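Inspection log for the structure reproduced underneath, given as structure tokens.
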Amino acid sequence: MTLEDRDSPSDERESRSSAFRPRRRQLSALQETGVLLVIALLLAIAIKALLVQAFYIPSESMEPGLIKNDRILVEKPSYWFGKSPQRGDVVVFKDPGGWLSAEDAPQASNPITQLLTKVGLYPSGGHLVKRVIGVPGDVIECCDARGRISVNGVYLDESTYARPADESCEQSGAGTCYGPMPRVGHWKAGPVPAGMLFVMGDNRNHSADSSYHLCTEAETDCSDLPWVPESDVVGKVMAVVWPFSRAKFEHRPADFASIDK
């Protein structure tokens with residue numbers, strides 16, 4: 001055999017290199033996928049912390065606009081740079097203290113669901129959703145003969161978003177009422193303290209809201225904690241995204257614009 005018939009050292013190196021190329025390409029693809037997953041998780045966490053977060057509606061307290069198990073998106077930039085919730089906004093907030101029972105604040109049990117919840121890719125519970133009725137300095141009173149709530153002396157026309165409280169007003173000839181839960185009765189709240197909000201559910205017969213937690217003259221066993229700290233507000237409800245048949249954007253009702261600032 002001549003020297004020309006043997007493999008040269010360069011041929012042997014090329015052969016070994018070719019054998020390792022598929023494995024190197026495989027490792028490179030796995031590494032790239034891992035990096036992309038990490039970036040995606042970091043982006044999801046950043047979006048949840050700064051921009052948008054998913055929640056679900058835990059009860060019927062915001063019917064008819066938001067019904068139980070609706071999936072909603074809550075946006076946060078509206079309250080950046082010192083801006084505060086406005087009258088009429090539907091907001092999601094942390095429990096200000098004793099508003100939620102253990103049954104009302106379920107926690108995800110599936111590890112995957114827990115992870116997705118933490119990064120904002122799955123709706124989280126343990127929060128409340130209500131409509132802002134009063135902001136700092138406001139005085140809220142309920143109700144006139146027609147069952148209307150007033151803010152700073154201006155009566156609200158809540159027919160476009162609230163569910164009637166009961167049939168008592170219609171039976172008395174006063175028309176449809178949008179007052180608070182029946183057990184609360186007539187009340188007056190405020191001025192709302194600085195840094196606080198007065199909130200109510202749109203379904204007045206079934207909403208343990210600020211009016212429910214308000215101490216009235218007829219009550220002695222109550223907490224007198226009707227306020228929600230602005231610092232507990234996560235953000236403003238932007239849209240219903242699930243089920244698709246109910247998908248819609250949420251807007252501030254026009255009747256709040258007539259109230260003096």
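Scheme for the structure tokens: letters A, B, ... for chains in order shown; per-chain residue numbers from 1; ligand numbers from 1 in order shown.
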Using only C-alpha atoms, which protein or nucleic acid residues come within 8 Å of stretch 229-245 of chain A? Drop anything in the same chain fewer than 5 positions from it, and give the result as an MDAnalysis selection string. chainID A and resid 66 70:76 78:79 84:85 89:96 195:197 250:251
